[in-house]
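Peer 1: Structure supplied as model.txt; contents: compact mmCIF, C-alpha atoms.
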# COMPACT_ATOMS: atom_id res chain seq x y z
CA MET A 1 80.79 201.96 55.38
CA THR A 2 77.75 200.97 57.38
CA GLU A 3 76.55 197.44 57.70
CA CYS A 4 73.10 196.01 58.05
CA THR A 5 72.53 194.63 61.51
CA ASN A 6 70.08 191.99 60.30
CA LEU A 7 72.52 189.07 60.35
CA GLU A 8 69.76 186.59 59.65
CA MET A 9 69.04 188.20 56.30
CA ARG A 10 72.73 188.67 55.49
CA ASP A 11 73.32 184.97 56.20
CA LEU A 12 70.74 184.12 53.54
CA LEU A 13 72.29 186.21 50.78
CA PRO A 14 74.69 183.55 49.42
CA ASP A 15 71.84 181.03 49.24
CA TYR A 16 69.56 183.63 47.65
CA ALA A 17 72.21 184.50 45.06
CA ARG A 18 72.65 180.81 44.22
CA GLY A 19 68.89 180.33 43.84
CA ALA A 20 68.90 177.83 46.68
CA LEU A 21 66.07 179.44 48.67
CA VAL A 22 62.41 178.60 48.12
CA GLY A 23 59.01 180.00 49.05
CA ALA A 24 58.72 182.30 52.03
CA ALA A 25 62.47 182.66 52.44
CA VAL A 26 62.82 184.18 48.96
CA ALA A 27 59.99 186.63 49.62
CA ALA A 28 61.48 187.62 52.98
CA VAL A 29 64.90 188.31 51.47
CA GLU A 30 63.43 190.31 48.61
CA ARG A 31 61.34 192.43 50.99
CA HIS A 32 64.47 193.14 53.02
CA LEU A 33 66.57 193.97 49.95
CA ALA A 34 63.99 196.48 48.78
CA ASP A 35 64.62 198.56 51.91
CA CYS A 36 68.32 197.86 52.62
CA ALA A 37 71.03 199.42 50.43
CA GLU A 38 73.81 197.80 52.50
CA CYS A 39 72.46 194.33 51.78
CA ARG A 40 72.03 195.15 48.10
CA ALA A 41 75.72 196.11 48.02
CA GLU A 42 76.64 192.95 49.89
CA LEU A 43 74.55 190.87 47.48
CA ALA A 44 76.50 192.40 44.58
CA VAL A 45 79.78 191.36 46.22
CA VAL A 46 78.45 187.84 46.80
CA ARG A 47 77.25 187.54 43.20
CA ASN A 48 80.60 188.73 41.85
CA ALA A 49 82.42 186.28 44.06
CA GLN A 50 80.21 183.45 42.86
CA LEU A 51 80.88 184.46 39.29
CA VAL A 52 84.64 184.69 39.68
CA LEU A 53 85.31 181.92 42.19
CA GLY A 54 82.64 179.66 40.72
CA VAL A 55 84.67 179.05 37.57
CA THR A 56 85.75 175.42 37.68
CA PRO A 57 89.38 174.89 36.75
CA ARG A 58 89.96 172.08 34.30
CA VAL A 59 91.32 168.94 35.92
CA ASP A 60 91.86 165.51 34.39
CA MET A 61 89.42 163.42 36.41
CA THR A 62 90.38 160.19 34.63
CA ARG A 63 93.98 160.67 35.69
CA ILE A 64 92.93 161.47 39.26
CA ALA A 65 90.72 158.37 39.47
CA ALA A 66 93.53 156.23 38.06
CA ALA A 67 95.91 157.63 40.68
CA VAL A 68 93.42 156.73 43.40
CA VAL A 69 93.12 153.14 42.15
CA ARG A 70 96.90 152.82 41.71
CA SER A 71 97.57 154.15 45.19
CA ALA A 72 95.04 151.74 46.69
CA ALA A 73 96.70 148.80 44.92
CA THR A 74 100.12 149.85 46.21
CA ARG A 75 98.70 150.11 49.69
CA ARG A 76 97.13 146.65 49.44
CA ASP A 77 100.45 145.13 48.31
CA ALA A 78 102.30 146.81 51.17
CA THR A 79 99.70 145.60 53.66
CA ARG A 80 99.96 142.05 52.33
CA ASP A 81 103.78 142.10 52.57
CA VAL A 82 103.63 143.33 56.15
CA ALA A 83 101.11 140.62 57.04
CA GLN A 84 103.33 137.94 55.51
CA ALA A 85 106.35 139.22 57.39
CA ARG A 86 104.36 139.18 60.62
CA ARG A 87 103.21 135.62 60.00
CA ARG A 88 106.80 134.55 59.38
CA ARG A 89 107.97 136.22 62.56
CA ALA A 90 105.12 134.68 64.54
CA TRP A 91 105.93 131.25 63.14
CA ALA A 92 109.59 131.52 63.98
CA SER A 93 108.99 132.94 67.44
CA ALA A 94 106.44 130.32 68.55
CA PRO A 95 108.04 128.32 71.42
CA SER A 96 107.57 124.92 69.80
CA ARG A 97 108.93 126.23 66.49
CA ARG A 98 111.89 127.73 68.25
CA MET A 99 112.60 124.38 69.83
CA TRP A 100 112.50 122.69 66.48
CA LEU A 101 114.75 125.31 64.97
CA ALA A 102 117.18 124.87 67.84
CA ALA A 103 116.99 121.10 67.51
CA ALA A 104 117.59 121.29 63.77
CA SER A 105 120.56 123.59 64.29
CA LEU A 106 121.95 121.36 67.00
CA ALA A 107 121.52 118.29 64.82
CA ALA A 108 123.36 119.96 61.99
CA VAL A 109 126.21 121.04 64.28
CA ALA A 110 126.37 117.65 65.90
CA GLY A 111 126.45 115.90 62.56
CA ALA A 112 129.27 118.02 61.31
CA ALA A 113 131.23 117.57 64.53
CA ALA A 114 130.75 113.82 64.53
CA LEU A 115 131.96 113.51 61.00
CA ALA A 116 134.96 115.68 61.74
CA THR A 117 135.77 113.70 64.89
CA ARG A 118 135.61 110.35 63.11
CA SER A 119 137.71 111.43 60.16
CA ASP A 120 140.39 112.97 62.42
CA ARG A 121 140.67 110.07 64.85
CA PRO A 122 143.50 107.54 64.18
CA ALA A 123 142.27 104.08 63.64
CA SER A 124 142.98 101.79 66.55
CA VAL A 125 141.88 98.44 67.56
CA ALA A 126 140.59 99.68 70.86
CA ASP A 127 138.34 102.31 69.30
CA SER A 128 137.16 100.24 66.40
CA PRO A 129 133.58 99.18 66.63
CA ARG A 130 133.21 96.09 68.59
CA VAL A 131 130.97 94.24 66.35
CA VAL A 132 131.09 90.67 67.32
CA ALA A 133 130.34 88.43 64.47
CA ARG A 134 128.86 85.12 65.03
CA VAL A 135 131.45 82.42 65.16
CA ASP A 136 130.01 79.10 64.52
CA SER A 137 132.44 77.17 66.61
CA PRO A 138 131.31 74.05 68.27
CA THR A 139 133.55 74.86 71.25
CA SER A 140 132.21 78.25 71.96
CA PRO A 141 129.05 78.16 73.96
CA ALA A 142 126.04 79.97 72.77
CA PRO A 143 125.07 83.02 74.81
CA SER A 144 122.96 82.12 77.74
CA GLY A 145 119.30 82.09 76.93
CA THR A 146 120.00 81.61 73.29
CA ALA A 147 119.07 78.49 71.63
CA PRO A 148 121.93 76.72 69.91
CA GLY A 149 121.99 77.53 66.26
CA ALA A 150 119.92 80.73 66.68
CA PRO A 151 121.39 83.85 65.00
CA VAL A 152 123.42 85.99 67.31
CA GLN A 153 122.71 89.73 67.16
CA PRO A 154 125.78 91.83 66.70
CA ALA A 155 126.74 93.75 69.79
CA THR A 156 127.62 97.39 69.53
CA ARG A 157 129.61 99.52 71.88
CA PRO A 158 127.28 101.76 73.87
CA MET A 159 127.87 105.44 73.11
CA ARG A 160 129.45 107.38 75.91
CA SER A 161 127.45 110.24 77.30
CA ASN A 162 129.91 112.92 76.16
CA GLU A 163 130.07 111.69 72.60
CA LEU A 164 128.19 113.31 69.81
CA GLY A 165 126.18 111.19 67.54
CA VAL A 166 123.67 111.47 64.78
CA GLY A 167 120.33 109.88 64.35
CA GLY A 168 117.29 109.85 66.53
CA GLY A 169 118.75 111.20 69.75
CA LEU A 170 117.09 114.64 69.63
CA THR A 171 113.77 113.45 68.37
CA ASP A 172 113.57 111.09 71.31
CA LEU A 173 113.93 113.93 73.79
CA ALA A 174 110.92 115.08 75.75
CA ASP A 175 109.73 118.67 75.51
CA ALA A 176 111.31 119.53 78.84
CA GLU A 177 114.62 118.14 77.70
CA LEU A 178 114.42 120.08 74.44
CA GLU A 179 113.66 123.25 76.33
CA SER A 180 116.64 122.65 78.57
CA LEU A 181 118.75 122.11 75.45
CA LEU A 182 117.40 125.31 73.98
CA ARG A 183 118.39 127.23 77.10
CA GLU A 184 121.89 125.83 76.90
CA LEU A 185 122.08 126.82 73.24
CA GLU A 186 120.97 130.32 74.04
CA GLY A 187 123.62 130.43 76.73
CA LEU A 188 126.18 129.70 74.07
CA ASP A 189 124.99 132.83 72.24
CA ALA A 190 124.42 130.83 69.12
CA GLN A 191 122.93 132.57 66.11
CA PHE A 192 121.17 131.16 63.12
CA GLU A 193 123.01 131.65 59.90
CA VAL A 194 119.88 131.57 57.78
CA GLU A 195 116.48 133.20 58.00
CA PRO A 196 113.81 131.05 59.61
CA ALA A 197 111.69 131.56 56.52
CA ASN A 198 114.20 129.61 54.47
CA LEU A 199 114.06 126.72 56.90
CA LEU A 200 110.31 126.55 56.81
CA PRO A 201 109.82 124.09 53.95
CA VAL A 202 112.65 121.87 55.19
CA LEU A 203 111.26 121.71 58.70
CA GLU A 204 107.73 121.18 57.56
CA GLY A 205 108.93 118.28 55.47
CA ASP A 206 110.82 116.83 58.41
CA VAL A 207 107.98 117.23 60.85
CA MET B 1 69.69 149.00 45.33
CA THR B 2 67.52 150.56 48.09
CA ASP B 3 66.24 154.16 48.29
CA SER B 4 68.86 154.97 50.93
CA GLU B 5 71.53 153.99 48.42
CA THR B 6 70.34 156.27 45.64
CA ARG B 7 69.35 159.91 45.35
CA GLY B 8 67.69 161.11 42.20
CA GLY B 9 68.55 157.82 40.56
CA GLU B 10 72.25 158.24 41.33
CA PRO B 11 74.04 156.13 43.92
CA THR B 12 74.74 158.04 47.14
CA ASP B 13 78.27 158.68 48.35
CA THR B 14 77.72 156.15 51.13
CA ALA B 15 76.68 153.46 48.63
CA LEU B 16 79.66 154.25 46.41
CA ILE B 17 82.06 154.11 49.34
CA ALA B 18 80.65 150.69 50.24
CA ARG B 19 81.13 149.55 46.65
CA TRP B 20 84.71 150.83 46.65
CA ARG B 21 85.43 148.99 49.88
CA GLY B 22 84.04 145.89 48.20
CA GLY B 23 86.59 146.23 45.40
CA ASP B 24 84.57 148.16 42.80
CA GLU B 25 87.10 150.54 41.21
CA ARG B 26 84.39 152.19 39.10
CA ALA B 27 82.96 153.62 42.33
CA ALA B 28 86.13 155.67 42.78
CA THR B 29 85.76 157.11 39.30
CA ILE B 30 82.16 158.16 39.98
CA LEU B 31 83.12 159.78 43.29
CA VAL B 32 86.01 161.66 41.65
CA GLU B 33 83.76 162.90 38.84
CA ARG B 34 81.15 163.98 41.38
CA HIS B 35 83.41 165.92 43.74
CA ALA B 36 86.58 166.90 41.84
CA PRO B 37 85.10 170.08 40.29
CA ALA B 38 84.10 171.49 43.70
CA VAL B 39 87.43 170.53 45.22
CA ALA B 40 89.24 172.15 42.28
CA ARG B 41 87.24 175.38 42.71
CA PHE B 42 88.02 175.42 46.40
CA VAL B 43 91.73 174.78 45.86
CA ALA B 44 91.86 177.58 43.26
CA SER B 45 90.08 179.95 45.65
CA MET B 46 92.63 179.11 48.31
CA GLY B 47 95.28 180.60 46.05
CA GLU B 48 96.82 177.43 44.64
CA ARG B 49 97.86 178.36 41.15
CA GLY B 50 100.70 176.34 39.73
CA GLU B 51 99.91 172.79 40.76
CA LEU B 52 96.19 172.82 41.27
CA GLU B 53 95.54 169.42 39.69
CA GLU B 54 98.28 167.85 41.81
CA VAL B 55 96.62 169.17 44.96
CA VAL B 56 93.21 167.89 43.85
CA GLN B 57 94.71 164.49 43.07
CA ASP B 58 96.52 164.35 46.41
CA THR B 59 93.25 165.22 48.11
CA PHE B 60 91.50 162.21 46.59
CA VAL B 61 94.43 159.85 47.07
CA ARG B 62 94.60 160.79 50.75
CA ALA B 63 90.87 160.57 51.18
CA PHE B 64 90.61 157.10 49.65
CA GLY B 65 93.70 156.03 51.56
CA SER B 66 92.05 156.82 54.86
CA LEU B 67 88.43 155.97 54.10
CA ASP B 68 88.53 153.61 57.08
CA ARG B 69 88.75 156.68 59.29
CA PHE B 70 85.83 158.43 57.57
CA ARG B 71 82.96 158.06 60.02
CA GLU B 72 80.37 159.78 57.82
CA GLU B 73 79.57 162.26 60.59
CA SER B 74 80.02 164.89 57.90
CA SER B 75 79.50 164.58 54.16
CA LEU B 76 82.22 163.19 51.95
CA ARG B 77 82.51 166.55 50.20
CA THR B 78 83.04 168.39 53.49
CA TRP B 79 85.71 165.86 54.38
CA LEU B 80 87.38 166.38 50.99
CA PHE B 81 87.38 170.16 51.56
CA SER B 82 89.03 169.59 54.92
CA ILE B 83 91.79 167.46 53.36
CA ALA B 84 92.26 169.92 50.49
CA ARG B 85 92.55 172.83 52.89
CA ASN B 86 95.21 171.05 54.92
CA LEU B 87 97.16 170.30 51.76
CA CYS B 88 96.93 173.95 50.67
CA ARG B 89 98.13 175.10 54.08
CA ASP B 90 101.06 172.67 54.02
CA ARG B 91 102.06 173.87 50.57
CA ALA B 92 101.68 177.51 51.53
CA ARG B 93 103.90 176.93 54.55
CA SER B 94 106.60 175.21 52.49
CA ASN B 95 106.36 177.90 49.81
CA ARG B 96 106.79 180.58 52.45
CA ARG B 97 109.90 178.82 53.68
CA ALA B 98 111.22 178.60 50.12
CA GLN B 99 110.34 182.20 49.21
CA PRO B 100 110.16 184.24 52.39
CA MET B 101 110.41 187.63 50.68
CA VAL B 102 107.39 187.61 48.31
CA SER B 103 105.92 191.09 48.37
CA ILE B 104 102.26 192.06 48.06
CA GLU B 105 102.94 193.56 44.63
CA GLU B 106 104.42 190.29 43.42
CA GLU B 107 101.43 188.39 44.74
CA HIS B 108 99.09 190.70 42.85
CA ALA B 109 101.18 190.32 39.74
CA LEU B 110 100.71 186.58 40.04
CA THR B 111 96.99 187.09 40.39
CA ALA B 112 96.95 189.12 37.20
CA TYR B 113 98.28 186.10 35.29
CA ASP B 114 96.08 183.57 37.07
CA PRO B 115 94.20 181.49 34.45
CA LEU B 116 91.01 182.04 36.39
CA SER B 117 91.28 185.80 36.08
CA ALA B 118 92.22 185.54 32.44
CA ALA B 119 89.14 183.42 31.79
CA VAL B 120 86.80 185.87 33.43
CA ALA B 121 88.83 188.77 32.00
CA THR B 122 87.23 191.56 33.93
CA GLU B 123 88.50 194.23 36.21
CA THR B 124 86.10 193.02 38.86
CA ALA B 125 87.64 189.57 38.79
CA SER B 126 91.14 190.94 39.28
CA ARG B 127 90.03 193.16 42.09
CA LEU B 128 88.14 190.36 43.74
CA HIS B 129 91.20 188.13 43.65
CA ALA B 130 93.22 190.94 45.14
CA ALA B 131 90.61 191.35 47.85
CA MET B 132 90.70 187.58 48.54
CA ASP B 133 94.47 187.69 48.87
CA ARG B 134 94.09 190.11 51.77
CA LEU B 135 91.98 187.67 53.74
CA THR B 136 93.42 185.30 56.28
CA GLU B 137 93.60 181.66 55.22
CA MET B 138 90.67 180.86 57.50
CA GLN B 139 88.54 183.74 56.19
CA ARG B 140 89.27 182.75 52.60
CA ALA B 141 88.27 179.14 53.24
CA VAL B 142 85.06 180.09 55.05
CA PHE B 143 84.10 182.74 52.47
CA THR B 144 84.65 180.34 49.56
CA LEU B 145 82.77 177.47 51.15
CA ARG B 146 79.81 179.70 52.04
CA VAL B 147 79.56 181.79 48.88
CA THR B 148 80.73 179.44 46.15
CA GLU B 149 79.91 176.00 47.51
CA GLY B 150 76.85 176.94 49.55
CA LEU B 151 77.85 175.04 52.65
CA SER B 152 76.03 175.74 55.90
CA TYR B 153 77.96 177.13 58.86
CA ARG B 154 77.74 173.69 60.46
CA GLU B 155 79.37 172.07 57.42
CA ILE B 156 81.97 174.82 57.16
CA ALA B 157 82.82 174.34 60.83
CA ASP B 158 83.47 170.65 60.14
CA ALA B 159 85.59 171.39 57.10
CA VAL B 160 87.81 174.02 58.71
CA GLU B 161 87.77 172.47 62.18
CA THR B 162 86.17 175.29 64.11
CA THR B 163 82.81 176.02 65.72
CA GLU B 164 79.64 177.01 63.92
CA GLY B 165 79.66 180.41 65.63
CA ALA B 166 83.28 181.05 64.76
CA ALA B 167 82.62 180.11 61.14
CA ARG B 168 79.82 182.70 61.02
CA VAL B 169 82.09 185.40 62.46
CA HIS B 170 84.85 184.54 59.98
CA TYR B 171 82.36 184.77 57.11
CA HIS B 172 81.07 188.23 58.07
CA ASN B 173 84.60 189.51 58.68
CA ALA B 174 85.60 188.23 55.25
CA VAL B 175 82.62 189.90 53.56
CA ARG B 176 83.42 193.18 55.32
CA SER B 177 87.06 193.02 54.26
CA VAL B 178 86.23 192.25 50.61
CA LYS B 179 83.62 195.01 50.45
CA GLU B 180 86.01 197.54 51.93
CA TYR B 181 88.70 196.65 49.41
CA LEU B 182 86.32 196.82 46.45
CA ASP B 183 84.85 200.15 47.63
CA ASP B 184 88.26 201.82 47.89
Let's see the structure in the file written out as structure tokens.

Peer 2:
Amino acid sequence: MTECTNLEMRDLLPDYARGALVGAAVAAVERHLADCAECRAELAVVRNAQLVLGVTPRVDMTRIAAAVVRSAATRRDATRDVAQARRRRAWASAPSRRMWLAAASLAAVAGAAALATRSDRPASVADSPRVVARVDSPTSPAPSGTAPGAPVQPATRPMRSNELGVGGGLTDLADAELESLLRELEGLDAQFEVEPANLLPVLEGDV
Amino acid sequence: MTDSETRGGEPTDTALIARWRGGDERAATILVERHAPAVARFVASMGERGELEEVVQDTFVRAFGSLDRFREESSLRTWLFSIARNLCRDRARSNRRAQPMVSIEEEHALTAYDPLSAAVATETASRLHAAMDRLTEMQRAVFTLRVTEGLSYREIADAVETTEGAARVHYHNAVRSVKEYLDD
């Protein structure tokens, strides 16, 4: 079968068949069609195709729109969850937060160890707290620099450096000391038993 | 609403996309109602028979899911055609893997029971579908977009990811192939 070599006209046939051409273009196509049997045959094919393929299948557009909205909502929820998880990770991985987490862990361990140590240790006179009560004896001299009759402050045994204790020690440490402590903790390969997220409200309350 | 946001009294696609991004779910409904029929015709022309509505729905879900990547260099409808075509190709590939031995006769038998053909109910329609089945996937997409949807070669090139010149060649090859089949 021969083909018309006027590609410009053949390119216009689908638009002509759809009624999308106006003015001079319509006249030009019609003049060409009057003299070109090949293009008339091609126009018939195009028109048939438009008739057959132009039938719109029935689709439930309400259902499709609902699926779009539902999918977007699911995506938004997923995005929000990811953002929250990232914020939690960022919070827990911030250096200062990590120090506080380490300090809190250390305090908890130290507290438990101190309690265990004290309950296991046999009571002895030597280890009992040396709290010196005031003895109002006329023969005993008052401590130097203390006015007679003034209340005497109880003396406590100073804690040895290798003893564990609870209360105030860690919070008094400088940042550099806390960092050093953190490094030592990491050297011990310690691991947190709970998620940082669960500690968050506790720590925030403490800080 | 400014003139650039409406056309013929209707909000433009660009204005509706902006409304959707701002949280207006009704905008999605309008866009679906505006473009779903054309997408459905295209999907049917690409040979999708059994799960046409599912493909159309997936097209819109994917499109709205990646609207951030839509740069509006082409029209929304062209972009939808592009997504629909990729979905059809993926499904055709997986169907081929599932049923590697489908013969031409079986394909034509399927065409004979296609709801589209039944609706038109003419010998010409059946023969045209048979002629379309002989085209390559690219030729079928280009032919449908040019003849049925009236896209320009530039728009077709965007939709099927080729050049304007190649789209024109594919169209004329498709027309030649269909004519030859119908003349036999």

Peer 1: Within 7 Å of chain A, which residues belong to chain B? Use all atoms listed in the file and report them as a PDB file with C-alpha atoms, in the coordinates of the input.

Peer 2:
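That gives us iface-v1.pdb:
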ATOM      1  CA  GLU B  25      87.100 150.540  41.210  1.00  0.00           C
ATOM      2  CA  ALA B  28      86.130 155.670  42.780  1.00  0.00           C
ATOM      3  CA  THR B  29      85.760 157.110  39.300  1.00  0.00           C
ATOM      4  CA  VAL B  32      86.010 161.660  41.650  1.00  0.00           C
ATOM      5  CA  GLU B  33      83.760 162.900  38.840  1.00  0.00           C
ATOM      6  CA  PRO B  37      85.100 170.080  40.290  1.00  0.00           C
ATOM      7  CA  ALA B  40      89.240 172.150  42.280  1.00  0.00           C
ATOM      8  CA  ARG B  41      87.240 175.380  42.710  1.00  0.00           C
ATOM      9  CA  SER B  45      90.080 179.950  45.650  1.00  0.00           C
ATOM     10  CA  GLU B  53      95.540 169.420  39.690  1.00  0.00           C
ATOM     11  CA  GLN B  57      94.710 164.490  43.070  1.00  0.00           C
ATOM     12  CA  PHE B  60      91.500 162.210  46.590  1.00  0.00           C
ATOM     13  CA  VAL B  61      94.430 159.850  47.070  1.00  0.00           C
ATOM     14  CA  PHE B  64      90.610 157.100  49.650  1.00  0.00           C
ATOM     15  CA  GLY B  65      93.700 156.030  51.560  1.00  0.00           C
ATOM     16  CA  VAL B 120      86.800 185.870  33.430  1.00  0.00           C
ATOM     17  CA  ALA B 125      87.640 189.570  38.790  1.00  0.00           C
ATOM     18  CA  ARG B 146      79.810 179.700  52.040  1.00  0.00           C
ATOM     19  CA  VAL B 147      79.560 181.790  48.880  1.00  0.00           C
ATOM     20  CA  THR B 148      80.730 179.440  46.150  1.00  0.00           C
ATOM     21  CA  GLY B 150      76.850 176.940  49.550  1.00  0.00           C
ATOM     22  CA  LYS B 179      83.620 195.010  50.450  1.00  0.00           C
TER      23      LYS B 179
END

Peer 1: Of the residues B:Ala167, B:Leu31, B:Val56, B:Leu87, which is the one nearest to Arg19 in chain B, using only C-alpha atoms?

Peer 2: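 Counting only C-alpha atoms, the residue closest to Arg19 in chain B is B:Leu31.
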
Peer 1: How many Å lie between CA of Ala25 in chain A and CA of Val142 in chain B, rounded to one decimal?

Peer 2: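 CA of Val142 in chain B lies at a distance of 22.9 Å from CA of Ala25 in chain A.
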
Peer 1: Which residues, written as a list in words, have at least one atom at most 10 Å from Asn86 in chain B, with all atoms listed in the file counted and residues fewer than 5 positions away on the same chain left out?

Peer 2: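 Listed by chain and then number, they are Thr59, Leu80, Phe81, Arg91, Ala92, Ala159 and Val160 of chain B.
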
Peer 1: Got time to write the residues from that selection, C-alpha atoms, as a PDB file, keeping the file's coordinate frame?

Peer 2:
ATOM      1  CA  THR B  59      93.250 165.220  48.110  1.00  0.00           C
ATOM      2  CA  LEU B  80      87.380 166.380  50.990  1.00  0.00           C
ATOM      3  CA  PHE B  81      87.380 170.160  51.560  1.00  0.00           C
ATOM      4  CA  ARG B  91     102.060 173.870  50.570  1.00  0.00           C
ATOM      5  CA  ALA B  92     101.680 177.510  51.530  1.00  0.00           C
ATOM      6  CA  ALA B 159      85.590 171.390  57.100  1.00  0.00           C
ATOM      7  CA  VAL B 160      87.810 174.020  58.710  1.00  0.00           C
TER       8      VAL B 160
END

Peer 1: Would you please work out which residue, of B:Ala166, B:Arg176, B:Glu54, B:Thr14, is nearest to Ser75 in chain B when using only C-alpha atoms?

Peer 2: B:Thr14

Peer 1: To one decimal in Å, tell me the separation between CA of Ser94 in chain B and CA of Glu48 in chain B.

Peer 2: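 A separation of 12.7 Å between them.
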
Peer 1: Please compute the CA of Leu145 in chain B-CA of Ala38 in chain B distance, one decimal, in Å.

Peer 2: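 Distance reported for this atom pair: 9.6 Å.
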
Peer 1: So, counting only C-alpha atoms, which residue among A:Arg80, A:Trp91, A:Ala28, A:Leu181 is closest to Ala104 in chain A?

Peer 2: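 Among the listed residues, the smallest separation from Ala104 in chain A belongs to A:Leu181.
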